[in-house]
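Enquirer: Sharing a structure, written as structure tokens. Questions coming.
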Amino acid sequence: MVETIKRDISVENTNSKYNYLDKWEEFRMTEEYLTFSRYMNEEHEEAVVFLTAFKQEIQGVLRDIRDSTFKNEVLKKEVDQKFINKNILDYVEIIEKMAQEKFSTRDDGQGKKLLLHANEILDSGNVDEFFEKILIETSLNLAEQSYFTLVKTYSKDKLSDIVKDKAASLKVKA
């Protein structure tokens with residue numbers, strides 16, 4: 001995969017599969033393209049190492065999955081969004097129960113951390129909407145987005161309500 005990308009975007013490649021695109025030659029001469037091509041050449045080896053390590057890690061995870069329905073779904077080229085949503089909801093339900101246990105033992109700090117985690121997981125269930133409506137600042141660094149700072153200031157009750165509302169919204173899609 002990395003080899004193909006590197007070859008296709010190489011500045012030296014005059015037979016790129018993208019030649020059919022309008023203004024391809026003009027685009028190839030832009031600073032952005034030249035920078036990206038140079039970056040791919042410089043980082044190619046590291047990308048291959050990461051990709052190899054990732055593949056090995058995934059193989060280990062797949063070997064450990066005992067639920068055959070889950071494993072079959074994960075191995076499909078396109079995973080059904082309803083399947084993903086159901087698994088997100090199941091996981092969030094576990095996290096919410098753990099948070100309630102923490103609150104019942106007066107460990108509000110850990111309970112709130114768990115609710116924050118549940119909120120972030122639910123945001124991943126509708127990532128397009130999340131990026132479109134929530135992340136409106138121009139910074140690419142997600143940690144710098146004011147949304148994350150604001151959510152951390154919410155009370156446990158408000159955070160719990162937000163998690164419940166997002167879970168209910170995701171249930172409709174599951």
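Chain identifiers are assigned as A, B, and so on, following the order in which chains appear in the structure tokens; residues are numbered from 1 within each chain, and ligands are numbered from 1 in order of appearance.
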Would you please extract all alpha helix (DSSP H) residues from chain A, as assigned by DSSP on the backbone, and give them as a ChimeraX atom specification?
Expert: /A:2-9,24-28,31-64,68-75,81-104,108-124,127-129,146-153,156-173
Enquirer: Please identify all polymer residues within 12 Å of Asp8 (chain A), counting only C-alpha atoms, omitting same-chain residues fewer than 3 positions from it, and present them as a VMD selection string.
Expert: chain A and resid 1 to 5 11 to 19 28 33 36 to 37 40 to 41
Enquirer: Residues of the last selection are to be written out with N, CA, C and O atoms, as a compact mmCIF listing (two decimals), in the first residue's frame.
Expert:
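Written output follows (result16.txt):
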```txt
# COMPACT_ATOMS: atom_id res chain seq x y z
N MET A 1 0.82 -1.18 0.00
CA MET A 1 0.00 0.00 0.00
C MET A 1 0.87 1.26 0.00
O MET A 1 0.67 2.15 -0.80
N VAL A 2 1.81 1.34 0.92
CA VAL A 2 2.69 2.50 1.02
C VAL A 2 3.54 2.61 -0.24
O VAL A 2 3.74 3.71 -0.77
N GLU A 3 4.01 1.47 -0.73
CA GLU A 3 4.82 1.47 -1.96
C GLU A 3 4.02 2.05 -3.12
O GLU A 3 4.55 2.83 -3.92
N THR A 4 2.76 1.66 -3.23
CA THR A 4 1.92 2.14 -4.32
C THR A 4 1.72 3.65 -4.24
O THR A 4 1.85 4.35 -5.25
N ILE A 5 1.43 4.13 -3.06
CA ILE A 5 1.24 5.58 -2.88
C ILE A 5 2.52 6.32 -3.23
O ILE A 5 2.51 7.31 -3.96
N VAL A 11 7.40 12.58 -7.77
CA VAL A 11 7.59 13.66 -8.73
C VAL A 11 8.18 13.13 -10.02
O VAL A 11 7.87 13.61 -11.11
N GLU A 12 9.00 12.12 -9.91
CA GLU A 12 9.66 11.55 -11.08
C GLU A 12 8.72 10.68 -11.93
O GLU A 12 9.03 10.37 -13.07
N ASN A 13 7.59 10.28 -11.40
CA ASN A 13 6.68 9.38 -12.10
C ASN A 13 5.86 10.15 -13.13
O ASN A 13 4.91 10.86 -12.80
N THR A 14 6.20 9.99 -14.38
CA THR A 14 5.47 10.66 -15.47
C THR A 14 4.33 9.78 -15.99
O THR A 14 3.54 10.22 -16.81
N ASN A 15 4.25 8.55 -15.51
CA ASN A 15 3.19 7.63 -15.93
C ASN A 15 2.21 7.35 -14.78
O ASN A 15 1.69 6.25 -14.66
N SER A 16 1.96 8.33 -13.95
CA SER A 16 1.07 8.15 -12.81
C SER A 16 -0.33 7.77 -13.28
O SER A 16 -0.78 8.20 -14.35
N LYS A 17 -1.01 6.99 -12.49
CA LYS A 17 -2.38 6.61 -12.84
C LYS A 17 -3.33 7.81 -12.76
O LYS A 17 -4.47 7.73 -13.19
N TYR A 18 -2.84 8.93 -12.27
CA TYR A 18 -3.66 10.13 -12.16
C TYR A 18 -3.51 11.07 -13.35
O TYR A 18 -4.09 12.15 -13.37
N ASN A 19 -2.73 10.69 -14.34
CA ASN A 19 -2.50 11.54 -15.51
C ASN A 19 -3.79 11.94 -16.22
O ASN A 19 -3.84 12.99 -16.86
N ARG A 28 0.90 18.76 -10.10
CA ARG A 28 2.17 18.12 -9.72
C ARG A 28 3.27 19.14 -9.44
O ARG A 28 4.24 18.84 -8.75
N TYR A 33 2.09 19.66 -3.44
CA TYR A 33 2.35 18.34 -4.01
C TYR A 33 3.82 17.96 -3.85
O TYR A 33 4.14 16.84 -3.45
N PHE A 36 4.47 17.04 -0.25
CA PHE A 36 3.92 15.74 0.10
C PHE A 36 4.74 14.61 -0.51
O PHE A 36 5.04 13.61 0.16
N SER A 37 5.12 14.77 -1.75
CA SER A 37 5.93 13.76 -2.42
C SER A 37 7.27 13.58 -1.70
O SER A 37 7.72 12.46 -1.45
N MET A 40 6.70 11.74 1.56
CA MET A 40 6.51 10.30 1.37
C MET A 40 7.84 9.60 1.11
O MET A 40 8.07 8.50 1.62
N ASN A 41 8.72 10.21 0.37
CA ASN A 41 10.03 9.62 0.13
C ASN A 41 10.84 9.52 1.41
O ASN A 41 11.50 8.52 1.67
```
Enquirer: Can you pull out every residue within 7 Å of region 94-103 of chain A, counting only C-alpha atoms, but drop anything in the same chain fewer than 5 positions away, and send it as a ChimeraX atom specification?
Expert: /A:108,110-112,114-115,118
Enquirer: Using N, CA, C and O atoms, can you export the residues from the last selection as a PDB file, in the first residue's frame?
Expert:
```
ATOM      1  N   ASP A 108     -15.776  10.536  42.874  1.00  0.00           N
ATOM      2  CA  ASP A 108     -16.326  11.353  41.793  1.00  0.00           C
ATOM      3  C   ASP A 108     -15.317  11.638  40.683  1.00  0.00           C
ATOM      4  O   ASP A 108     -15.686  11.740  39.512  1.00  0.00           O
ATOM      5  N   GLN A 110     -12.879   9.705  39.447  1.00  0.00           N
ATOM      6  CA  GLN A 110     -12.805   8.571  38.519  1.00  0.00           C
ATOM      7  C   GLN A 110     -14.123   8.380  37.773  1.00  0.00           C
ATOM      8  O   GLN A 110     -14.127   8.031  36.592  1.00  0.00           O
ATOM      9  N   GLY A 111     -15.228   8.619  38.459  1.00  0.00           N
ATOM     10  CA  GLY A 111     -16.531   8.505  37.807  1.00  0.00           C
ATOM     11  C   GLY A 111     -16.663   9.496  36.664  1.00  0.00           C
ATOM     12  O   GLY A 111     -17.146   9.165  35.580  1.00  0.00           O
ATOM     13  N   LYS A 112     -16.211  10.721  36.913  1.00  0.00           N
ATOM     14  CA  LYS A 112     -16.283  11.753  35.872  1.00  0.00           C
ATOM     15  C   LYS A 112     -15.358  11.412  34.701  1.00  0.00           C
ATOM     16  O   LYS A 112     -15.723  11.601  33.541  1.00  0.00           O
ATOM     17  N   LEU A 114     -14.639   8.489  33.678  1.00  0.00           N
ATOM     18  CA  LEU A 114     -15.324   7.444  32.913  1.00  0.00           C
ATOM     19  C   LEU A 114     -16.432   8.033  32.040  1.00  0.00           C
ATOM     20  O   LEU A 114     -16.605   7.631  30.886  1.00  0.00           O
ATOM     21  N   LEU A 115     -17.173   9.007  32.579  1.00  0.00           N
ATOM     22  CA  LEU A 115     -18.221   9.653  31.778  1.00  0.00           C
ATOM     23  C   LEU A 115     -17.615  10.449  30.617  1.00  0.00           C
ATOM     24  O   LEU A 115     -18.172  10.473  29.521  1.00  0.00           O
ATOM     25  N   ALA A 118     -16.843   7.924  28.044  1.00  0.00           N
ATOM     26  CA  ALA A 118     -18.071   7.492  27.367  1.00  0.00           C
ATOM     27  C   ALA A 118     -18.520   8.546  26.353  1.00  0.00           C
ATOM     28  O   ALA A 118     -18.927   8.218  25.225  1.00  0.00           O
TER      29      ALA A 118
END
```
Enquirer: Could you check which of A:Arg38, A:Val151, A:Glu144, A:Val92 is closest to Lys166 (chain A), using only C-alpha atoms?
Expert: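 Smallest distance to Lys166 (chain A) is found for A:Val92.
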Enquirer: Identify, on the basis of only C-alpha atoms, every residue whose closest approach to Phe70 (chain A) does not exceed 12 Å; exclude the query and any residue fewer than 2 positions from it along the same chain; express the result as a PyMOL selection string.
Expert: chain A and resi 62+64-68+72-76+79-80+83-84+86-87
Enquirer: Just checking: using only C-alpha atoms, which residue out of A:Thr105, A:Thr149, A:Ser160, A:Leu170 ends up closest to Asp123 (chain A)?
Expert: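 Of all the options, A:Leu170 lies closest to Asp123 (chain A).
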Enquirer: With only C-alpha atoms as the counted atoms, please give the residues lying no more than 12 Å from Ser124 (chain A), apart from itself and same-chain residues fewer than 3 positions off, as a PyMOL selection string.
Expert: chain A and resi 81+84-85+87-89+92+117-121+127-131+166-167+170
